[in-house]
Every structure is written in structure tokens, then in C-alpha cells.
$ cat upload.txt   # compact mmCIF, C-alpha atoms
# COMPACT_ATOMS: atom_id res chain seq x y z
CA MET A 1 61.81 -7.23 -6.55
CA SER A 2 60.55 -9.34 -9.47
CA LYS A 3 62.26 -11.74 -11.84
CA GLN A 4 60.09 -10.31 -14.62
CA PRO A 5 59.63 -6.52 -14.28
CA PRO A 6 55.94 -5.58 -14.56
CA VAL A 7 54.27 -3.34 -17.12
CA ILE A 8 52.46 -0.55 -15.28
CA PHE A 9 49.73 1.33 -17.13
CA ILE A 10 49.21 4.94 -16.09
CA GLY A 11 47.01 7.75 -17.34
CA MET A 12 43.94 9.74 -16.40
CA HIS A 13 40.63 7.97 -15.82
CA ARG A 14 38.53 7.55 -18.99
CA SER A 15 41.66 7.94 -21.15
CA GLY A 16 41.93 4.45 -22.62
CA THR A 17 43.88 2.55 -19.96
CA SER A 18 41.17 -0.13 -19.87
CA MET A 19 41.12 -0.42 -23.65
CA LEU A 20 44.89 -0.77 -23.91
CA GLY A 21 45.05 -3.17 -20.99
CA ARG A 22 42.47 -5.45 -22.59
CA VAL A 23 44.31 -5.43 -25.91
CA MET A 24 47.56 -6.42 -24.22
CA GLU A 25 45.78 -9.09 -22.21
CA ARG A 26 44.45 -10.61 -25.45
CA LEU A 27 48.03 -10.79 -26.69
CA GLY A 28 49.22 -12.65 -23.62
CA LEU A 29 50.02 -10.09 -20.93
CA PHE A 30 48.88 -11.35 -17.53
CA VAL A 31 47.03 -8.51 -15.78
CA GLY A 32 45.43 -10.36 -12.89
CA ALA A 33 43.17 -13.30 -12.23
CA HIS A 34 40.49 -11.25 -10.46
CA LYS A 35 39.52 -7.96 -12.10
CA GLU A 36 36.66 -5.50 -11.76
CA GLY A 37 34.60 -3.95 -14.55
CA ASN A 38 37.30 -1.59 -15.83
CA ASN A 39 39.75 -4.49 -16.21
CA GLU A 40 41.65 -3.40 -13.10
CA ALA A 41 43.19 -6.12 -10.95
CA VAL A 42 41.30 -5.99 -7.66
CA PHE A 43 44.50 -6.60 -5.69
CA PHE A 44 46.34 -3.55 -7.06
CA LEU A 45 43.18 -1.43 -7.13
CA LYS A 46 42.76 -1.97 -3.40
CA MET A 47 46.46 -1.33 -2.81
CA ASN A 48 46.34 1.97 -4.68
CA THR A 49 43.14 3.04 -2.94
CA TRP A 50 44.78 2.24 0.40
CA LEU A 51 47.93 4.17 -0.54
CA LEU A 52 45.96 7.28 -1.46
CA GLY A 53 43.93 6.95 1.71
CA GLN A 54 47.03 7.02 3.93
CA CYS A 55 47.05 10.80 3.57
CA GLY A 56 43.32 11.38 3.16
CA GLY A 57 43.39 11.31 -0.65
CA ARG A 58 41.38 9.43 -3.23
CA TRP A 59 41.31 9.10 -7.00
CA ASP A 60 39.57 12.43 -7.59
CA TYR A 61 41.58 14.31 -4.92
CA PRO A 62 45.00 12.67 -5.28
CA GLN A 63 47.33 15.49 -4.25
CA PRO A 64 47.62 14.49 -0.53
CA ILE A 65 49.71 11.48 -1.63
CA HIS A 66 52.68 13.85 -1.78
CA ASP A 67 52.64 13.95 2.03
CA LEU A 68 53.53 10.26 1.95
CA TRP A 69 56.53 10.78 -0.33
CA ASP A 70 57.78 13.51 2.04
CA ASN A 71 57.72 11.20 5.08
CA GLU A 72 60.53 8.68 4.62
CA VAL A 73 59.83 6.82 7.86
CA LEU A 74 56.16 6.34 7.05
CA LEU A 75 57.00 5.46 3.46
CA GLY A 76 59.35 2.76 4.68
CA TRP A 77 56.61 1.09 6.67
CA VAL A 78 54.12 1.45 3.81
CA GLU A 79 56.61 -0.15 1.43
CA ARG A 80 57.18 -3.01 3.86
CA TYR A 81 53.43 -3.61 4.20
CA VAL A 82 52.84 -3.63 0.43
CA ARG A 83 55.81 -5.94 -0.10
CA ASP A 84 54.44 -8.35 2.51
CA GLN A 85 51.01 -8.29 0.86
CA MET A 86 52.48 -9.09 -2.54
CA ASN A 87 54.63 -11.94 -1.26
CA GLY A 88 52.17 -13.45 1.20
CA PRO A 89 48.95 -15.45 0.85
CA ARG A 90 47.07 -12.43 -0.51
CA ALA A 91 49.06 -12.80 -3.72
CA LEU A 92 46.48 -15.48 -4.54
CA HIS A 93 43.96 -12.72 -5.30
CA PHE A 94 46.15 -11.41 -8.11
CA LEU A 95 47.79 -14.60 -9.33
CA GLY A 96 44.82 -16.95 -9.18
CA LEU A 97 45.15 -20.50 -7.92
CA LYS A 98 47.14 -21.96 -10.83
CA ARG A 99 49.80 -19.23 -10.86
CA TYR A 100 49.85 -19.02 -7.07
CA LEU A 101 50.74 -22.70 -6.84
CA LYS A 102 53.48 -22.07 -9.40
CA TYR A 103 54.95 -18.79 -8.14
CA ARG A 104 53.69 -18.42 -4.54
CA GLN A 105 54.46 -14.69 -4.63
CA ILE A 106 54.07 -11.89 -7.14
CA SER A 107 57.78 -11.12 -7.10
CA ALA A 108 58.47 -14.59 -8.52
CA VAL A 109 56.42 -14.16 -11.71
CA GLU A 110 58.47 -15.14 -14.77
CA GLU A 111 56.03 -14.29 -17.59
CA PRO A 112 55.04 -10.89 -19.04
CA TRP A 113 52.69 -9.32 -16.50
CA GLY A 114 51.47 -6.02 -15.16
CA TRP A 115 48.40 -4.10 -14.14
CA LYS A 116 46.40 -1.05 -15.14
CA ASP A 117 44.94 1.50 -12.80
CA PRO A 118 44.77 5.25 -13.40
CA ARG A 119 45.71 5.71 -9.74
CA ASN A 120 49.16 4.46 -10.70
CA SER A 121 49.71 7.96 -12.06
CA PHE A 122 50.11 9.15 -8.47
CA THR A 123 51.25 6.01 -6.64
CA LEU A 124 54.01 5.20 -9.15
CA PRO A 125 56.85 6.34 -6.85
CA LEU A 126 56.01 3.48 -4.49
CA TRP A 127 55.81 0.91 -7.28
CA LEU A 128 59.14 2.06 -8.68
CA ARG A 129 60.71 1.55 -5.26
CA LEU A 130 59.52 -2.05 -5.46
CA PHE A 131 60.11 -2.53 -9.20
CA PRO A 132 62.82 -0.08 -10.32
CA ASP A 133 63.00 -1.75 -13.76
CA ALA A 134 59.24 -1.65 -14.39
CA ARG A 135 58.11 -0.58 -17.84
CA ILE A 136 55.62 2.28 -17.82
CA ILE A 137 52.94 2.84 -20.46
CA HIS A 138 51.13 6.16 -20.43
CA ILE A 139 48.07 6.74 -22.58
CA ARG A 140 46.58 10.22 -22.76
CA ARG A 141 43.31 11.52 -24.19
CA HIS A 142 41.89 14.95 -24.94
CA GLY A 143 40.94 16.58 -21.64
CA VAL A 144 37.48 17.78 -22.66
CA ASP A 145 36.46 14.30 -23.78
CA VAL A 146 37.76 12.89 -20.50
CA ALA A 147 35.84 15.47 -18.46
CA GLN A 148 32.62 14.85 -20.37
CA SER A 149 32.96 11.08 -19.99
CA LEU A 150 33.42 11.47 -16.23
CA ALA A 151 30.37 13.74 -15.99
CA VAL A 152 28.19 11.30 -17.93
CA ARG A 153 29.36 8.36 -15.82
CA GLY A 154 28.73 10.31 -12.63
CA GLY A 155 25.24 11.28 -13.74
CA LYS A 156 24.31 7.69 -14.52
CA GLY A 157 25.71 6.52 -11.21
CA MET A 158 23.74 9.13 -9.27
CA GLU A 159 20.53 8.22 -11.07
CA ALA A 160 20.96 4.55 -10.20
CA SER A 161 21.91 5.34 -6.60
CA THR A 162 18.98 7.65 -5.94
CA GLN A 163 16.51 5.22 -7.48
CA PHE A 164 17.87 2.44 -5.29
CA TYR A 165 17.60 4.64 -2.21
CA GLN A 166 14.03 5.66 -2.97
CA LYS A 167 13.08 2.02 -3.33
CA TYR A 168 14.74 0.84 -0.11
CA ARG A 169 14.88 3.99 2.04
CA ALA A 170 12.76 2.36 4.76
CA LEU A 171 15.64 -0.04 5.41
CA ALA A 172 18.16 2.77 5.95
CA ALA A 173 17.33 2.83 9.68
CA LEU A 174 18.53 -0.77 9.94
CA ARG A 175 21.43 -0.54 7.52
CA PRO A 176 22.92 2.93 7.05
CA LYS A 177 24.02 3.92 3.56
CA ARG A 178 27.68 2.97 3.05
CA GLY A 179 28.44 5.16 0.05
CA GLY A 180 27.36 8.50 -1.30
CA PHE A 181 24.85 9.30 -4.00
CA MET A 182 27.60 10.24 -6.46
CA GLU A 183 31.06 8.80 -6.84
CA SER A 184 32.72 12.15 -7.49
CA PRO A 185 30.88 15.46 -7.03
CA ARG A 186 34.02 17.18 -8.33
CA CYS A 187 33.69 15.46 -11.70
CA ALA A 188 29.96 16.08 -11.99
CA LYS A 189 30.85 19.35 -13.70
CA ILE A 190 33.10 19.46 -16.72
CA GLU A 191 35.28 22.09 -15.07
CA GLY A 192 36.07 19.73 -12.21
CA GLY A 193 36.85 16.77 -14.43
CA PHE A 194 39.01 18.92 -16.68
CA SER A 195 41.06 20.30 -13.78
CA LEU A 196 41.55 16.75 -12.50
CA TRP A 197 42.74 15.70 -15.98
CA ALA A 198 45.35 18.44 -15.86
CA GLU A 199 46.49 17.29 -12.40
CA TYR A 200 46.93 13.72 -13.61
CA LEU A 201 48.87 14.69 -16.73
CA GLN A 202 51.11 17.03 -14.76
CA ALA A 203 51.85 14.23 -12.30
CA VAL A 204 52.58 11.82 -15.14
CA GLU A 205 54.95 14.26 -16.84
CA THR A 206 56.86 14.67 -13.60
CA GLN A 207 57.05 10.90 -13.07
CA LEU A 208 58.20 10.09 -16.60
CA ALA A 209 60.79 12.85 -16.76
CA GLY A 210 63.08 10.92 -14.47
CA LEU A 211 62.88 7.62 -16.36
CA PRO A 212 65.15 6.52 -19.23
CA ASP A 213 63.54 6.27 -22.67
CA HIS A 214 63.71 2.48 -22.80
CA GLN A 215 61.56 2.25 -19.67
CA LYS A 216 58.61 4.37 -20.81
CA LEU A 217 56.17 4.49 -23.70
CA GLU A 218 53.63 7.24 -24.35
CA ILE A 219 50.55 6.72 -26.49
CA VAL A 220 47.98 9.23 -27.69
CA TYR A 221 44.49 7.75 -27.45
CA GLU A 222 43.26 9.44 -30.62
CA ASP A 223 46.27 8.25 -32.65
CA PHE A 224 45.77 4.70 -31.42
CA LEU A 225 42.11 4.71 -32.43
CA ALA A 226 42.98 6.03 -35.88
CA ASP A 227 45.53 3.31 -36.68
CA PRO A 228 45.74 0.62 -33.98
CA ILE A 229 47.21 -2.10 -36.18
CA HIS A 230 50.19 0.13 -36.92
CA MET A 231 50.87 0.93 -33.26
CA ILE A 232 50.08 -2.34 -31.53
CA PRO A 233 53.29 -4.24 -32.48
CA GLN A 234 55.40 -1.56 -30.78
CA VAL A 235 53.29 -1.73 -27.63
CA ALA A 236 53.37 -5.53 -27.60
CA GLN A 237 57.16 -5.58 -27.98
CA PHE A 238 57.49 -3.05 -25.16
CA CYS A 239 55.46 -5.43 -22.97
CA GLY A 240 57.72 -8.35 -23.86
CA LEU A 241 55.15 -10.07 -26.09
CA GLN A 242 55.91 -11.75 -29.39
CA CYS A 243 52.86 -12.20 -31.63
CA ASP A 244 52.05 -12.60 -35.31
CA MET A 245 49.96 -10.25 -37.43
CA THR A 246 46.87 -12.41 -37.08
CA ALA A 247 46.99 -11.99 -33.31
CA TYR A 248 47.54 -8.24 -33.62
CA GLU A 249 44.55 -7.86 -35.92
CA ALA A 250 42.31 -9.92 -33.65
CA SER A 251 43.34 -7.95 -30.57
CA VAL A 252 42.17 -4.61 -31.99
CA ALA A 253 39.17 -5.82 -34.00
CA ASP A 254 36.69 -4.00 -31.73
CA ILE A 255 38.53 -0.64 -31.68
CA ARG A 256 36.24 2.12 -32.94
CA PRO A 257 37.90 5.20 -34.50
CA SER A 258 34.61 7.10 -34.10
CA ARG A 259 35.27 7.39 -30.36
CA ALA A 260 37.98 9.99 -30.98
CA LEU A 261 37.33 13.67 -30.14
CA PRO A 262 33.52 13.57 -29.67
CA HIS A 263 33.58 17.03 -28.11
CA LYS A 264 34.01 18.57 -31.55
CA ALA A 265 30.42 17.63 -32.43
CA ASP A 266 29.02 19.34 -29.31
CA GLU A 267 28.80 23.13 -29.47
CA ARG A 268 29.04 23.55 -25.69
CA LEU A 269 32.05 21.28 -25.35
CA ALA A 270 33.78 22.75 -28.39
CA LEU A 271 33.45 26.19 -26.84
CA PHE A 272 34.85 24.91 -23.54
CA ALA A 273 37.82 23.47 -25.41
CA LYS A 274 38.41 26.80 -27.14
CA GLU A 275 38.25 28.69 -23.85
CA ASN A 276 40.78 26.31 -22.30
CA ALA A 277 43.09 26.01 -25.29
CA HIS A 278 46.02 27.30 -23.24
CA VAL A 279 45.67 24.41 -20.78
CA LEU A 280 45.25 21.84 -23.53
CA ALA A 281 48.33 23.15 -25.30
CA GLN A 282 50.46 22.43 -22.23
CA PHE A 283 49.81 18.73 -22.78
CA GLY A 284 50.09 18.55 -26.55
CA TYR A 285 46.52 19.35 -27.63
$ encode --input "upload.txt" --output "C-alpha cells"
Amino acid sequence: MSKQPPVIFIGMHRSGTSMLGRVMERLGLFVGAHKEGNNEAVFFLKMNTWLLGQCGGRWDYPQPIHDLWDNEVLLGWVERYVRDQMNGPRALHFLGLKRYLKYRQISAVEEPWGWKDPRNSFTLPLWLRLFPDARIIHIRRHGVDVAQSLAVRGGKGMEASTQFYQKYRALAALRPKRGGFMESPRCAKIEGGFSLWAEYLQAVETQLAGLPDHQKLEIVYEDFLADPIHMIPQVAQFCGLQCDMTAYEASVADIRPSRALPHKADERLALFAKENAHVLAQFGY
């Protein structure tokens, strides 16, 4: 579909997709003109959310998406809709005005480009129908650290939401609450976040198994933190970027090795990891 096949970042939430996407963006990879806080292109984020919603799924309950893959007629219409969105005026939201005037549609992009969104881990079959030559980067992180990060984020979100509601609850009669008090009750507990991590990694393994080696690249989050300057040239080359060492060093200057494996310093989390060692081992931990 595209003159320049995209780079699609996949991986579980809180696993480093945002970090890696930002590093590649600093080196010249175009990942969208309009992005939200996690460096996800709003256009593709909305597309992925819509795709999951076709079968009643969402990012923390993604399994219903398989009902879409099993319905070829429905999938054909979904593919047609997404294609039209990418090649119509809405492409402006991803390309930005300057690139929109140059390319007019996403399929005409001629520079290294792509997007990151953990939801790609489940919606990838659709994107590969549109971009069969896309290059896929998977970054994975220790499941206990992922689960704890999700729980902390959920707790902070609930605290902010409840405080806001208490302050403006009198207005709820005029404007009903649009969202919940917590983004993901499943991930509020470490057990829920950990089981979701396993679902994502199992889905990724299945997706990548059918791709040739030249089309996929797997990165371990902890290894990248430990020695980013050694790994970044390979990732950049995979993305079609040519940079010098000065650019590589600048792109990873804010990477903090101390972010690796924080669960080991927490007795409760270390025990959870020990109790679930058999699950972790399935995915290389």
C-alpha cells in the first residue's frame, strides 16, 4: 500500500514502546504530527481503539479481536474503511499540513515513517494486510515490572478522577460522567496486569512467528537500558535511518539504566516473580 513500508512498534503497555519510539523519532523517523502523551500518533491510536471495539474489546481485554479475523466479510469492510481513512482528508491528522500537502495520503509517504501503539500487538494482522512489507519492532520487558507500573498508573489515575468528581459532583446532573473512575480495574491488581502481559507476549509470538527474519526485530528492554549506544545503530538501520555516532549518543542521552528490574528491590514483587517463574520462563525471563 505504501511506497515506503512503515515501521510498526509492538509490545505490551509500559514495556518501553514510548521510549524506543522517541529515540527513533530523534534520529529522523516520522511517527506522526499529532501525538498524545505516550508518543502515540492520535490517528493510529484511534484506529486501533476502533478496531478493538468492533468486537467489544479494548486494550486491557483484547482477545475479542480474534472474532474479527475469523469473519472475512466483516474484515474486508473494515480494511476498506481503514484504507479510505488513511488515503482521505483524515490523513492530515497523521501527516500534518506540510507533509499532507506533499503526499496527500499516508500510502504515498516516501521517507522513513511508522507509529507506536501497544495495541498493534493485537491489530497487526490488519496492518499487515495493508502493509505486507512493514518492518515490525517488538520490545519486551519483565512482566512483574510491567504489572506494577500499570497498577501504579491506575492508582494515580483513580486518585485524580475521584478528586475531580468530589469537586464537581454537583454538576453531574447536568453533564453525566463520560468515563470511569479507573482506566483499567483489571490492571489495578498486579495479578491482572501480569496476566495481560502474558496475553500480549503470546499474541506477539504468534504474530512474529509467521514473518521472515528481515522483517522483524526483537529488543529486550533491560538489555537496551544497560547498553543503548551499542544497540541503537542496529535499530536505526532496521528503520531505514542513517546517522552518525554523535546523533546516536544524543538520542539515548536520557536513558536511565536504573529503571531496569525494579521489582527485585521490593520484597512483595520479588516473591510474586518467584511464584510465577514458570510463566516468566515461557517468555525468556
$ closest_residue --input "upload.txt" --among "A:Lys264, A:Arg99, A:Arg186, A:Arg90" --to "Trp113 in chain A" --atoms "only C-alpha atoms"
A:Arg99
$ residues_around --input "upload.txt" --residues "Leu126 in chain A" --least-positions-apart "5" --cutoff "9 Å" --atoms "only C-alpha atoms" --output "MDAnalysis selection string"
chainID A and resid 69 75 78:79 131
$ write_last_selection --input "upload.txt" --atoms "C-alpha atoms" --output "compact mmCIF listing (two decimals), in the frame of the given file"
# COMPACT_ATOMS: atom_id res chain seq x y z
CA TRP A 69 56.53 10.78 -0.33
CA LEU A 75 57.00 5.46 3.46
CA VAL A 78 54.12 1.45 3.81
CA GLU A 79 56.61 -0.15 1.43
CA PHE A 131 60.11 -2.53 -9.20
$ residues_around --input "upload.txt" --residues "Ser15 in chain A" --least-positions-apart "5" --cutoff "8 Å" --atoms "only C-alpha atoms" --output "NGL selection string"
:A and (139-142 or 146 or 221)
$ closest_residue --input "upload.txt" --among "A:Gly180, A:Pro125, A:Pro5, A:Pro118" --to "Thr206 in chain A" --atoms "only C-alpha atoms"
A:Pro125
$ residues_around --input "upload.txt" --residues "range 195-200 of chain A" --least-positions-apart "2" --cutoff "7 Å" --atoms "all atoms listed in the file" --output "ChimeraX atom specification"
/A:12,60,121,143,191-193,202-204
$ closest_residue --input "upload.txt" --among "A:Val220, A:Lys35, A:Ala247, A:Ile232" --to "Gly284 in chain A" --atoms "all atoms listed in the file"
A:Val220
